[in-house]
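K.L.:
Have a peek at final.pdb (PDB, C-alpha atoms and all ligand atoms).
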```
MODEL        1
ATOM      1  CA  MET A   1     144.808 143.644 -57.400
ATOM      2  CA  ARG A   2     143.509 140.299 -55.955
ATOM      3  CA  ALA A   3     145.291 141.264 -52.737
ATOM      4  CA  GLU A   4     145.637 138.723 -49.923
ATOM      5  CA  VAL A   5     146.799 138.988 -46.321
ATOM      6  CA  LEU A   6     150.416 137.878 -46.499
ATOM      7  CA  PRO A   7     152.714 137.654 -43.479
ATOM      8  CA  ALA A   8     155.530 139.239 -45.505
ATOM      9  CA  ILE A   9     153.602 142.522 -45.811
ATOM     10  CA  SER A  10     154.718 144.648 -42.880
ATOM     11  CA  HIS A  11     152.520 147.075 -40.970
ATOM     12  CA  LYS A  12     153.990 150.138 -42.665
ATOM     13  CA  TRP A  13     152.403 148.938 -45.917
ATOM     14  CA  GLN A  14     148.951 148.898 -44.374
ATOM     15  CA  LYS A  15     148.533 152.660 -44.788
ATOM     16  CA  ALA A  16     150.186 152.897 -48.207
ATOM     17  CA  LEU A  17     148.303 150.068 -49.892
ATOM     18  CA  LEU A  18     144.861 150.165 -51.396
ATOM     19  CA  CYS A  19     143.939 146.488 -51.572
ATOM     20  CA  VAL A  20     141.548 145.414 -54.335
ATOM     21  CA  GLN A  21     139.729 142.158 -53.719
ATOM     22  CA  SER A  22     136.295 141.094 -54.967
ATOM     23  CA  PHE A  23     136.169 137.668 -53.225
ATOM     24  CA  LYS A  24     134.401 138.245 -49.908
ATOM     25  CA  PRO A  25     136.363 135.826 -47.648
ATOM     26  CA  SER A  26     139.674 137.382 -48.793
ATOM     27  CA  TYR A  27     138.173 140.897 -48.575
ATOM     28  CA  ASP A  28     137.070 140.195 -44.981
ATOM     29  CA  ARG A  29     140.513 138.835 -44.020
ATOM     30  CA  LEU A  30     142.185 142.000 -45.379
ATOM     31  CA  ARG A  31     139.729 144.306 -43.597
ATOM     32  CA  ASP A  32     140.068 142.356 -40.317
ATOM     33  CA  ALA A  33     143.871 142.582 -40.560
ATOM     34  CA  GLY A  34     143.590 146.396 -40.780
ATOM     35  CA  PHE A  35     144.143 146.941 -44.521
ATOM     36  CA  ARG A  36     142.291 149.472 -46.647
ATOM     37  CA  VAL A  37     140.313 147.289 -49.056
ATOM     38  CA  GLU A  38     137.858 147.890 -51.924
ATOM     39  CA  HIS A  39     135.995 145.391 -54.091
ATOM     40  CA  ASP A  40     137.062 147.267 -57.251
ATOM     41  CA  LEU A  41     139.922 149.496 -58.378
ATOM     42  CA  ALA A  42     139.214 153.211 -58.255
ATOM     43  CA  GLY A  43     141.584 156.134 -58.758
ATOM     44  CA  ASP A  44     144.743 156.700 -60.768
ATOM     45  CA  GLY A  45     148.192 158.245 -60.544
ATOM     46  CA  PHE A  46     149.489 155.402 -58.340
ATOM     47  CA  ASP A  47     153.278 155.068 -57.867
ATOM     48  CA  LEU A  48     153.162 151.296 -57.696
ATOM     49  CA  GLY A  49     150.738 148.615 -58.836
ATOM     50  CA  LEU A  50     150.856 145.023 -57.592
ATOM     51  CA  CYS A  51     148.930 142.202 -59.297
ATOM     52  CA  LEU A  52     148.652 138.762 -57.782
ATOM     53  CA  ILE A  53     148.055 136.192 -60.506
ATOM     54  CA  THR A  54     145.113 133.797 -60.129
ATOM     55  CA  LYS A  55     144.007 130.826 -62.231
ATOM     56  CA  HIS A  56     141.831 133.074 -64.456
ATOM     57  CA  LYS A  57     144.086 134.152 -67.333
ATOM     58  CA  MET A  58     141.779 136.734 -68.930
ATOM     59  CA  GLU A  59     141.064 138.293 -65.558
ATOM     60  CA  ASN A  60     144.825 138.477 -64.873
ATOM     61  CA  LEU A  61     145.389 140.316 -68.154
ATOM     62  CA  SER A  62     142.488 142.629 -67.394
ATOM     63  CA  ASN A  63     143.915 143.365 -63.921
ATOM     64  CA  LEU A  64     147.371 143.981 -65.392
ATOM     65  CA  GLY A  65     145.863 146.354 -67.964
ATOM     66  CA  ARG A  66     143.817 148.206 -65.356
ATOM     67  CA  ALA A  67     146.755 148.439 -62.939
ATOM     68  CA  TRP A  68     149.000 149.664 -65.778
ATOM     69  CA  ALA A  69     146.462 152.346 -66.700
ATOM     70  CA  ALA A  70     146.087 153.442 -63.051
ATOM     71  CA  LEU A  71     149.844 154.099 -62.680
ATOM     72  CA  ARG A  72     151.447 157.472 -63.223
ATOM     73  CA  PRO A  73     153.940 157.444 -66.127
ATOM     74  CA  GLY A  74     157.210 156.261 -64.570
ATOM     75  CA  GLY A  75     155.335 154.246 -61.917
ATOM     76  CA  THR A  76     156.254 150.616 -61.338
ATOM     77  CA  LEU A  77     154.121 147.616 -62.254
ATOM     78  CA  VAL A  78     154.730 144.363 -60.361
ATOM     79  CA  CYS A  79     153.119 140.999 -60.840
ATOM     80  CA  ALA A  80     153.668 137.724 -59.044
ATOM     81  CA  GLY A  81     152.355 134.202 -59.338
ATOM     82  CA  GLY A  82     153.137 130.506 -59.416
ATOM     83  CA  LYS A  83     153.872 128.193 -62.321
ATOM     84  CA  ASP A  84     150.655 126.345 -61.428
ATOM     85  CA  VAL A  85     148.525 129.387 -62.287
ATOM     86  CA  GLY A  86     150.372 130.129 -65.528
ATOM     87  CA  ILE A  87     152.919 132.825 -64.660
ATOM     88  CA  ALA A  88     154.862 131.794 -67.801
ATOM     89  CA  SER A  89     152.144 133.040 -70.162
ATOM     90  CA  ILE A  90     151.631 136.163 -68.058
ATOM     91  CA  GLU A  91     155.389 136.829 -68.313
ATOM     92  CA  ARG A  92     155.130 136.908 -72.114
ATOM     93  CA  ALA A  93     152.249 139.381 -71.868
ATOM     94  CA  PHE A  94     154.060 141.478 -69.249
ATOM     95  CA  LYS A  95     157.087 141.806 -71.532
ATOM     96  CA  SER A  96     154.870 143.167 -74.313
ATOM     97  CA  VAL A  97     153.890 146.210 -72.220
ATOM     98  CA  ILE A  98     156.909 146.709 -69.904
ATOM     99  CA  ALA A  99     160.303 147.171 -71.560
ATOM    100  CA  GLU A 100     163.087 145.068 -70.029
ATOM    101  CA  PRO A 101     161.338 143.909 -66.861
ATOM    102  CA  SER A 102     163.299 142.596 -63.891
ATOM    103  CA  SER A 103     162.409 139.233 -62.410
ATOM    104  CA  LEU A 104     163.030 136.979 -59.454
ATOM    105  CA  SER A 105     162.140 133.267 -59.253
ATOM    106  CA  LYS A 106     161.788 131.136 -56.139
ATOM    107  CA  HIS A 107     159.623 128.238 -54.883
ATOM    108  CA  HIS A 108     158.081 127.672 -58.370
ATOM    109  CA  CYS A 109     156.907 131.311 -58.357
ATOM    110  CA  LYS A 110     158.047 134.379 -60.227
ATOM    111  CA  ILE A 111     157.910 138.120 -59.606
ATOM    112  CA  LEU A 112     158.148 140.513 -62.547
ATOM    113  CA  TRP A 113     158.482 144.268 -62.339
ATOM    114  CA  GLY A 114     159.256 147.271 -64.497
ATOM    115  CA  VAL A 115     158.483 150.892 -65.259
ATOM    116  CA  ARG A 116     155.377 152.150 -67.059
ATOM    117  CA  SER A 117     156.068 154.122 -70.252
ATOM    118  CA  ASP A 118     154.342 157.401 -71.242
ATOM    119  CA  ASP A 119     152.662 155.970 -74.340
ATOM    120  CA  VAL A 120     149.869 153.414 -73.989
ATOM    121  CA  PRO A 121     150.559 150.049 -75.712
ATOM    122  CA  PRO A 122     147.560 148.717 -77.732
ATOM    123  CA  GLU A 123     147.407 145.572 -75.537
ATOM    124  CA  ILE A 124     146.170 147.563 -72.542
ATOM    125  CA  SER A 125     142.714 148.357 -73.913
ATOM    126  CA  GLN A 126     142.396 144.841 -75.420
ATOM    127  CA  TRP A 127     143.128 143.266 -72.037
ATOM    128  CA  VAL A 128     140.791 145.597 -70.161
ATOM    129  CA  ASP A 129     137.996 144.940 -72.687
ATOM    130  CA  GLY A 130     138.598 141.181 -72.363
ATOM    131  CA  GLY A 131     137.689 141.440 -68.672
ATOM    132  CA  ARG A 132     134.305 143.127 -69.208
ATOM    133  CA  LEU A 133     130.852 141.506 -69.196
ATOM    134  CA  GLN A 134     130.374 139.253 -72.227
ATOM    135  CA  ILE A 135     127.649 136.926 -73.504
ATOM    136  CA  VAL A 136     127.869 133.332 -72.224
ATOM    137  CA  PRO A 137     127.580 131.371 -75.519
ATOM    138  CA  GLY A 138     124.167 129.780 -76.070
ATOM    139  CA  THR A 139     122.498 131.285 -72.993
ATOM    140  CA  GLY A 140     121.694 134.961 -73.662
ATOM    141  CA  CYS A 141     123.285 135.617 -70.244
ATOM    142  CA  TRP A 142     126.215 137.837 -69.304
ATOM    143  CA  SER A 143     129.321 136.987 -67.335
ATOM    144  CA  ARG A 144     133.007 137.899 -67.225
ATOM    145  CA  PRO A 145     136.457 136.446 -66.570
ATOM    146  CA  GLY A 146     137.115 135.957 -62.851
ATOM    147  CA  VAL A 147     133.664 134.386 -62.338
ATOM    148  CA  TYR A 148     133.461 130.596 -61.814
ATOM    149  CA  ASN A 149     132.915 128.874 -65.233
ATOM    150  CA  TRP A 150     132.296 132.332 -66.608
ATOM    151  CA  ASN A 151     131.758 131.353 -70.243
ATOM    152  CA  LYS A 152     129.697 128.189 -69.915
ATOM    153  CA  VAL A 153     126.922 126.437 -68.016
ATOM    154  CA  ASP A 154     128.344 124.208 -65.288
ATOM    155  CA  ALA A 155     127.503 120.557 -66.095
ATOM    156  CA  GLY A 156     126.535 119.827 -62.461
ATOM    157  CA  SER A 157     124.209 122.825 -62.373
ATOM    158  CA  ALA A 158     122.639 121.745 -65.687
ATOM    159  CA  LEU A 159     121.841 118.345 -64.126
ATOM    160  CA  LEU A 160     120.413 120.036 -61.018
ATOM    161  CA  ALA A 161     118.270 122.331 -63.174
ATOM    162  CA  GLU A 162     116.826 119.308 -65.028
ATOM    163  CA  HIS A 163     115.832 117.668 -61.740
ATOM    164  CA  LEU A 164     114.554 120.610 -59.726
ATOM    165  CA  PRO A 165     111.346 119.430 -58.026
ATOM    166  CA  GLY A 166     108.330 121.090 -59.648
ATOM    167  CA  ASP A 167     106.761 122.156 -56.334
ATOM    168  CA  LEU A 168     109.445 124.498 -54.981
ATOM    169  CA  HIS A 169     107.690 127.584 -53.645
ATOM    170  CA  GLY A 170     107.726 130.396 -51.102
ATOM    171  CA  ARG A 171     111.012 131.893 -49.985
ATOM    172  CA  VAL A 172     113.967 130.354 -51.822
ATOM    173  CA  ALA A 173     117.742 130.917 -51.665
ATOM    174  CA  ASP A 174     120.503 130.095 -54.178
ATOM    175  CA  LEU A 175     123.837 129.633 -52.376
ATOM    176  CA  GLY A 176     126.986 130.316 -54.407
ATOM    177  CA  ALA A 177     124.773 131.700 -57.152
ATOM    178  CA  GLY A 178     127.590 132.494 -59.614
ATOM    179  CA  TRP A 179     126.336 134.430 -62.649
ATOM    180  CA  GLY A 180     122.788 133.303 -61.847
ATOM    181  CA  TYR A 181     122.168 130.190 -63.956
ATOM    182  CA  LEU A 182     120.228 128.223 -61.296
ATOM    183  CA  SER A 183     118.293 131.297 -60.175
ATOM    184  CA  LEU A 184     117.209 131.900 -63.765
ATOM    185  CA  LYS A 185     116.029 128.297 -64.089
ATOM    186  CA  LEU A 186     114.056 128.718 -60.844
ATOM    187  CA  MET A 187     112.443 131.869 -62.195
ATOM    188  CA  GLU A 188     111.604 130.216 -65.525
ATOM    189  CA  ARG A 189     109.920 127.156 -64.046
ATOM    190  CA  HIS A 190     108.568 127.993 -60.605
ATOM    191  CA  SER A 191     105.888 130.663 -60.561
ATOM    192  CA  ASP A 192     105.122 130.085 -56.839
ATOM    193  CA  ILE A 193     108.439 131.498 -55.649
ATOM    194  CA  VAL A 194     107.675 134.614 -53.600
ATOM    195  CA  SER A 195     111.257 135.686 -52.982
ATOM    196  CA  LEU A 196     114.608 134.540 -54.288
ATOM    197  CA  ASP A 197     117.811 135.458 -52.443
ATOM    198  CA  LEU A 198     121.121 134.969 -54.208
ATOM    199  CA  TYR A 199     124.189 134.594 -51.985
ATOM    200  CA  GLU A 200     127.572 134.803 -53.685
ATOM    201  CA  ALA A 201     131.088 135.596 -52.434
ATOM    202  CA  GLU A 202     132.506 136.814 -55.751
ATOM    203  CA  TRP A 203     131.378 140.374 -56.380
ATOM    204  CA  LEU A 204     132.056 140.066 -60.142
ATOM    205  CA  ALA A 205     129.669 137.074 -60.272
ATOM    206  CA  LEU A 206     126.946 138.767 -58.239
ATOM    207  CA  GLU A 207     127.026 141.822 -60.529
ATOM    208  CA  ALA A 208     126.621 139.526 -63.552
ATOM    209  CA  ALA A 209     123.707 137.744 -61.822
ATOM    210  CA  LYS A 210     122.034 141.129 -61.200
ATOM    211  CA  THR A 211     122.321 141.910 -64.906
ATOM    212  CA  ASN A 212     120.963 138.494 -65.918
ATOM    213  CA  LEU A 213     118.027 138.404 -63.501
ATOM    214  CA  GLY A 214     117.269 142.065 -64.130
ATOM    215  CA  ARG A 215     116.412 141.145 -67.732
ATOM    216  CA  VAL A 216     113.675 138.702 -66.673
ATOM    217  CA  ALA A 217     110.300 140.235 -65.877
ATOM    218  CA  VAL A 218     109.313 138.701 -62.542
ATOM    219  CA  THR A 219     107.065 139.623 -59.641
ATOM    220  CA  THR A 220     109.321 137.608 -57.310
ATOM    221  CA  ARG A 221     111.247 139.758 -54.833
ATOM    222  CA  LEU A 222     114.945 139.359 -55.647
ATOM    223  CA  GLY A 223     117.757 139.796 -53.097
ATOM    224  CA  PHE A 224     121.454 139.937 -54.005
ATOM    225  CA  HIS A 225     123.916 139.360 -51.164
ATOM    226  CA  TRP A 226     127.694 139.679 -51.437
ATOM    227  CA  HIS A 227     128.289 137.219 -48.648
ATOM    228  CA  ASP A 228     130.533 134.403 -47.362
ATOM    229  CA  VAL A 229     128.030 131.540 -46.907
ATOM    230  CA  ALA A 230     130.514 129.692 -44.647
ATOM    231  CA  LYS A 231     129.884 132.445 -42.082
ATOM    232  CA  GLY A 232     126.196 131.530 -41.844
ATOM    233  CA  LEU A 233     122.838 132.807 -43.109
ATOM    234  CA  PRO A 234     119.631 134.201 -41.594
ATOM    235  CA  GLU A 235     118.047 131.418 -39.525
ATOM    236  CA  ALA A 236     114.760 129.697 -40.493
ATOM    237  CA  ALA A 237     114.354 132.178 -43.344
ATOM    238  CA  PHE A 238     113.720 129.906 -46.360
ATOM    239  CA  ASP A 239     111.286 127.232 -47.559
ATOM    240  CA  ALA A 240     113.862 125.876 -50.003
ATOM    241  CA  VAL A 241     117.547 126.269 -50.784
ATOM    242  CA  VAL A 242     119.311 125.250 -53.987
ATOM    243  CA  THR A 243     123.056 125.052 -54.312
ATOM    244  CA  ASN A 244     125.967 123.796 -56.336
ATOM    245  CA  PRO A 245     128.473 124.384 -53.534
ATOM    246  CA  PRO A 246     132.096 125.313 -54.197
ATOM    247  CA  PHE A 247     134.684 122.693 -53.429
ATOM    248  CA  HIS A 248     137.827 124.699 -54.150
ATOM    249  CA  GLU A 249     139.403 127.702 -52.572
ATOM    250  CA  GLY A 250     142.006 128.854 -55.085
ATOM    251  CA  LYS A 251     143.520 125.683 -56.570
ATOM    252  CA  ALA A 252     143.129 123.435 -53.515
ATOM    253  CA  VAL A 253     140.173 121.074 -53.049
ATOM    254  CA  ASP A 254     138.303 122.123 -49.903
ATOM    255  CA  ILE A 255     135.617 119.642 -48.852
ATOM    256  CA  GLU A 256     135.016 121.561 -45.620
ATOM    257  CA  LEU A 257     133.706 124.521 -47.627
ATOM    258  CA  GLY A 258     130.928 122.393 -49.154
ATOM    259  CA  ARG A 259     130.125 120.985 -45.698
ATOM    260  CA  LYS A 260     129.836 124.521 -44.296
ATOM    261  CA  PHE A 261     127.422 125.362 -47.140
ATOM    262  CA  ILE A 262     125.287 122.381 -46.084
ATOM    263  CA  THR A 263     125.233 123.362 -42.385
ATOM    264  CA  SER A 264     124.506 127.020 -43.247
ATOM    265  CA  ALA A 265     121.697 125.860 -45.577
ATOM    266  CA  ALA A 266     120.210 123.603 -42.875
ATOM    267  CA  LYS A 267     120.042 126.430 -40.319
ATOM    268  CA  SER A 268     118.540 128.800 -42.877
ATOM    269  CA  LEU A 269     115.619 126.449 -43.657
ATOM    270  CA  ILE A 270     112.309 126.284 -41.789
ATOM    271  CA  ALA A 271     111.322 122.905 -40.283
ATOM    272  CA  GLY A 272     110.282 120.714 -43.220
ATOM    273  CA  GLY A 273     112.136 122.958 -45.691
ATOM    274  CA  ARG A 274     114.167 121.401 -48.497
ATOM    275  CA  LEU A 275     117.768 121.611 -49.685
ATOM    276  CA  ILE A 276     118.383 120.633 -53.317
ATOM    277  CA  LEU A 277     122.076 120.183 -53.952
ATOM    278  CA  VAL A 278     124.356 118.950 -56.713
ATOM    279  CA  ALA A 279     127.866 117.710 -56.050
ATOM    280  CA  ASN A 280     130.604 115.718 -57.710
ATOM    281  CA  ARG A 281     129.864 112.068 -56.994
ATOM    282  CA  GLN A 282     133.039 111.492 -55.003
ATOM    283  CA  LEU A 283     132.482 114.357 -52.542
ATOM    284  CA  PRO A 284     131.617 112.881 -49.123
ATOM    285  CA  TYR A 285     128.762 115.105 -47.931
ATOM    286  CA  GLU A 286     126.483 112.285 -46.680
ATOM    287  CA  ALA A 287     127.568 112.399 -42.994
ATOM    288  CA  THR A 288     126.978 116.180 -42.888
ATOM    289  CA  LEU A 289     123.552 115.730 -44.511
ATOM    290  CA  ASN A 290     122.718 112.990 -41.988
ATOM    291  CA  SER A 291     123.528 115.108 -38.972
ATOM    292  CA  ASN A 292     121.774 118.292 -40.215
ATOM    293  CA  PHE A 293     118.633 116.955 -41.941
ATOM    294  CA  SER A 294     115.864 114.556 -40.933
ATOM    295  CA  SER A 295     116.175 112.669 -44.253
ATOM    296  CA  PHE A 296     117.794 112.884 -47.657
ATOM    297  CA  SER A 297     117.668 110.991 -50.955
ATOM    298  CA  VAL A 298     119.454 110.987 -54.297
ATOM    299  CA  LEU A 299     117.123 112.427 -56.964
ATOM    300  CA  GLN A 300     119.466 111.676 -59.864
ATOM    301  CA  GLU A 301     123.059 110.698 -60.518
ATOM    302  CA  ASN A 302     125.277 110.174 -63.509
ATOM    303  CA  SER A 303     128.924 109.188 -63.897
ATOM    304  CA  LEU A 304     130.078 112.592 -62.550
ATOM    305  CA  TYR A 305     127.402 114.182 -60.343
ATOM    306  CA  LYS A 306     124.702 113.420 -57.804
ATOM    307  CA  VAL A 307     121.603 115.552 -57.191
ATOM    308  CA  ILE A 308     120.407 115.284 -53.588
ATOM    309  CA  SER A 309     117.195 116.412 -51.923
ATOM    310  CA  ALA A 310     117.364 116.792 -48.125
ATOM    311  CA  ARG A 311     114.428 117.551 -45.796
ATOM    312  CA  ARG A 312     115.019 119.687 -42.677
TER     313      ARG A 312
HETATM  314  C1  LIG A 401     130.315 125.466 -58.176
HETATM  315  S1  LIG A 401     130.054 127.197 -58.337
HETATM  316  C2  LIG A 401     128.337 127.281 -58.772
HETATM  317  C3  LIG A 401     127.997 128.576 -59.449
HETATM  318  C4  LIG A 401     126.573 128.712 -59.977
HETATM  319  N1  LIG A 401     125.582 128.400 -58.987
HETATM  320  C5  LIG A 401     126.367 127.865 -61.194
HETATM  321  O1  LIG A 401     125.518 127.036 -61.166
HETATM  322  O2  LIG A 401     127.076 128.043 -62.180
HETATM  323  C6  LIG A 401     130.123 127.755 -56.670
HETATM  324  C7  LIG A 401     129.970 129.263 -56.466
HETATM  325  O3  LIG A 401     130.160 129.543 -55.073
HETATM  326  C8  LIG A 401     130.873 130.765 -54.943
HETATM  327  N2  LIG A 401     131.546 130.749 -53.622
HETATM  328  C9  LIG A 401     132.776 130.247 -53.306
HETATM  329  N3  LIG A 401     133.005 130.382 -51.987
HETATM  330  C10 LIG A 401     131.914 130.979 -51.471
HETATM  331  C11 LIG A 401     131.542 131.395 -50.157
HETATM  332  N4  LIG A 401     132.365 131.184 -49.120
HETATM  333  N5  LIG A 401     130.342 131.994 -49.972
HETATM  334  C12 LIG A 401     129.500 132.198 -51.036
HETATM  335  N6  LIG A 401     129.788 131.831 -52.290
HETATM  336  C13 LIG A 401     130.968 131.231 -52.513
HETATM  337  C14 LIG A 401     131.832 130.766 -56.112
HETATM  338  O4  LIG A 401     132.258 132.094 -56.413
HETATM  339  C15 LIG A 401     130.974 130.135 -57.214
HETATM  340  O5  LIG A 401     130.273 131.117 -57.931
ENDMDL
END
```
Starting from the file, lay out its structure as structure tokens.
Ligand SMILES: C[S@@+](CC[C@H](N)C(=O)[O-])C[C@H]1O[C@@H](n2cnc3c(N)ncnc32)[C@H](O)[C@@H]1O
P.N.:
Amino acid sequence: MRAEVLPAISHKWQKALLCVQSFKPSYDRLRDAGFRVEHDLAGDGFDLGLCLITKHKMENLSNLGRAWAALRPGGTLVCAGGKDVGIASIERAFKSVIAEPSSLSKHHCKILWGVRSDDVPPEISQWVDGGRLQIVPGTGCWSRPGVYNWNKVDAGSALLAEHLPGDLHGRVADLGAGWGYLSLKLMERHSDIVSLDLYEAEWLALEAAKTNLGRVAVTTRLGFHWHDVAKGLPEAAFDAVVTNPPFHEGKAVDIELGRKFITSAAKSLIAGGRLILVANRQLPYEATLNSNFSSFSVLQENSLYKVISARR
């Protein structure tokens, strides 16, 4: 679960492992390295289940619960993660479902493992349920743990939504669409949008966006793409692009990722097309905007975010 290509995993594991990874860049790396990879866990009766811990606690518990349930009785459950993503709290949870686990600590990380019992502890179904689609408070929308800001509206996106130009029309794309907040705002306020294409790397987020947009009656053609935007987009395909680009991969700040979103957006726009973007104020995207667009201006800023409009 949340498998990654790791140099320590030898070739003999490639055939034995079913890798589960719903984040497209990691999924692609696993597939390109020759692993068997699926975006979701299917099957049961496994001898061994491995969970890599991420920063999303409820998703970790859900993955542990699902991996536990997919093991044969007597199978071994393993989980591993760093102190920085909260392995200490996961260890407490792990001990509640695996009697007397073994552990190994090194480099501020911990591995825990132990044998699955015959009887199902009550925590398993609670954890699995905690990972399902749930209402985002105050929005009427659905999302789930493992999705970026899964249980709230992102403050940057809220500012962007307030300052979306009223005349956006034609073919529009939402890059890094998450659970669909910006796309919903576009649908609510812009009746001249002919098609709206949502691009999102996290499969869990895209599924939530499908649910949320599916509940709005629109004549707009909707497209949902499980896609790594850093790898590019169809060229000259859109009249407008909106985005709140990611600036993290895992825990690390990654400014290059936002810059790649901007260059992918530029190439995907027709001449004269517009990019509307929100970013944390301190993120230095101006040079990339300068070299990929004919002009750009700040539509709005506050102490945390800037909303930028750039013309191709
Ligand atoms: C800052 S969030 C914005 C989410 C959403 N638009 C909103 O307003 O709440 C950035 C989104 O980009 C997605 N993402 C990260 N890397 C990506 C990539 N390489 N390609 C496409 N989407 C990506 C993340 O999963 C996340 O949903």
K.L.:
Kindly compile the residues surrounding ligand LIG 401 (chain A) within 6 Å, counting only C-alpha atoms and all ligand atoms, and format them as a PDB file with C-alpha atoms, in the frame of the given file.
P.N.:
```
ATOM      1  CA  TYR A 148     133.461 130.596 -61.814  1.00  0.00           C
ATOM      2  CA  ASP A 154     128.344 124.208 -65.288  1.00  0.00           C
ATOM      3  CA  SER A 157     124.209 122.825 -62.373  1.00  0.00           C
ATOM      4  CA  GLY A 176     126.986 130.316 -54.407  1.00  0.00           C
ATOM      5  CA  ALA A 177     124.773 131.700 -57.152  1.00  0.00           C
ATOM      6  CA  GLY A 178     127.590 132.494 -59.614  1.00  0.00           C
ATOM      7  CA  TYR A 181     122.168 130.190 -63.956  1.00  0.00           C
ATOM      8  CA  LEU A 182     120.228 128.223 -61.296  1.00  0.00           C
ATOM      9  CA  TYR A 199     124.189 134.594 -51.985  1.00  0.00           C
ATOM     10  CA  GLU A 200     127.572 134.803 -53.685  1.00  0.00           C
ATOM     11  CA  ALA A 201     131.088 135.596 -52.434  1.00  0.00           C
ATOM     12  CA  GLU A 202     132.506 136.814 -55.751  1.00  0.00           C
ATOM     13  CA  HIS A 227     128.289 137.219 -48.648  1.00  0.00           C
ATOM     14  CA  ASP A 228     130.533 134.403 -47.362  1.00  0.00           C
ATOM     15  CA  VAL A 229     128.030 131.540 -46.907  1.00  0.00           C
ATOM     16  CA  ALA A 230     130.514 129.692 -44.647  1.00  0.00           C
ATOM     17  CA  ASN A 244     125.967 123.796 -56.336  1.00  0.00           C
ATOM     18  CA  PRO A 245     128.473 124.384 -53.534  1.00  0.00           C
ATOM     19  CA  PRO A 246     132.096 125.313 -54.197  1.00  0.00           C
TER      20      PRO A 246
END
```
K.L.:
Given the file shown, enumerate the residues that the PyMOL selection byres (((chain A and resi 6) around 12) and not hetatm) captures and present them as a PDB file with C-alpha atoms, in the coordinates of the input.
P.N.:
```
ATOM      1  CA  ARG A   2     143.509 140.299 -55.955  1.00  0.00           C
ATOM      2  CA  ALA A   3     145.291 141.264 -52.737  1.00  0.00           C
ATOM      3  CA  GLU A   4     145.637 138.723 -49.923  1.00  0.00           C
ATOM      4  CA  VAL A   5     146.799 138.988 -46.321  1.00  0.00           C
ATOM      5  CA  PRO A   7     152.714 137.654 -43.479  1.00  0.00           C
ATOM      6  CA  ALA A   8     155.530 139.239 -45.505  1.00  0.00           C
ATOM      7  CA  ILE A   9     153.602 142.522 -45.811  1.00  0.00           C
ATOM      8  CA  SER A  10     154.718 144.648 -42.880  1.00  0.00           C
ATOM      9  CA  HIS A  11     152.520 147.075 -40.970  1.00  0.00           C
ATOM     10  CA  TRP A  13     152.403 148.938 -45.917  1.00  0.00           C
ATOM     11  CA  GLN A  14     148.951 148.898 -44.374  1.00  0.00           C
ATOM     12  CA  CYS A  19     143.939 146.488 -51.572  1.00  0.00           C
ATOM     13  CA  SER A  26     139.674 137.382 -48.793  1.00  0.00           C
ATOM     14  CA  ARG A  29     140.513 138.835 -44.020  1.00  0.00           C
ATOM     15  CA  LEU A  30     142.185 142.000 -45.379  1.00  0.00           C
ATOM     16  CA  ALA A  33     143.871 142.582 -40.560  1.00  0.00           C
ATOM     17  CA  PHE A  35     144.143 146.941 -44.521  1.00  0.00           C
ATOM     18  CA  LEU A  52     148.652 138.762 -57.782  1.00  0.00           C
TER      19      LEU A  52
END
```
K.L.:
With a distance cut-off of 12 Å and all atoms listed in the file, select the neighbouring residues of Val147 in chain A, excluding the residue or stretch itself and same-chain residues fewer than 2 positions from it, and output the selection as an MDAnalysis selection string.
P.N.:
chainID A and resid 22:23 54:59 131:134 136 142:145 149:154 176:180 200:209
K.L.:
Asp44 in chain A: which residues within 12 Å, counting only C-alpha atoms, same-chain residues fewer than 4 positions away excluded, as a PDB file with C-alpha atoms, in the coordinates of the input?
P.N.:
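File written: part_1.pdb
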```pdb
ATOM      1  CA  LEU A  18     144.861 150.165 -51.396  1.00  0.00           C
ATOM      2  CA  LEU A  48     153.162 151.296 -57.696  1.00  0.00           C
ATOM      3  CA  GLY A  49     150.738 148.615 -58.836  1.00  0.00           C
ATOM      4  CA  ARG A  66     143.817 148.206 -65.356  1.00  0.00           C
ATOM      5  CA  ALA A  67     146.755 148.439 -62.939  1.00  0.00           C
ATOM      6  CA  TRP A  68     149.000 149.664 -65.778  1.00  0.00           C
ATOM      7  CA  ALA A  69     146.462 152.346 -66.700  1.00  0.00           C
ATOM      8  CA  ALA A  70     146.087 153.442 -63.051  1.00  0.00           C
ATOM      9  CA  LEU A  71     149.844 154.099 -62.680  1.00  0.00           C
ATOM     10  CA  ARG A  72     151.447 157.472 -63.223  1.00  0.00           C
ATOM     11  CA  PRO A  73     153.940 157.444 -66.127  1.00  0.00           C
ATOM     12  CA  GLY A  75     155.335 154.246 -61.917  1.00  0.00           C
TER      13      GLY A  75
END
```
K.L.:
One decimal, in Å: what's the spacing between CA of Ile124 in chain A and CA of Gly65 in chain A?
P.N.:
4.7 Å
K.L.:
Take CA of Thr288 in chain A and CA of Ser195 in chain A and report the distance between them in Å, one decimal.
P.N.:
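According to the coordinates, CA of Thr288 in chain A and CA of Ser195 in chain A are separated by 27.0 Å.
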K.L.:
For a quick check of understanding, using only C-alpha atoms, which of A:Leu283, A:Leu196, A:Leu175, A:Met187 has the smallest distance to Thr263 in chain A?
P.N.:
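Closest candidate: A:Leu175.
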K.L.:
Measuring between all atoms listed in the file, which one of A:Ala93, A:Cys141, A:Lys231, A:Arg116 shows the shortest distance to Pro25 in chain A?
P.N.:
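Going through A:Ala93, A:Cys141, A:Lys231, A:Arg116 one by one, the smallest distance to Pro25 in chain A is for A:Lys231.
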K.L.:
Between A:Asn292, A:Ser297, A:Gln21, A:Ser102, which residue has the minimum interatomic distance to Leu77 in chain A, considering all atoms listed in the file?
P.N.:
A:Ser102
K.L.:
Which residue out of A:Thr243, A:Asn290, A:Asn212, A:Ser264 has the minimum interatomic distance to Leu159 in chain A when all atoms listed in the file are used?
P.N.:
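Of the candidates, the smallest distance to Leu159 in chain A is held by A:Thr243.
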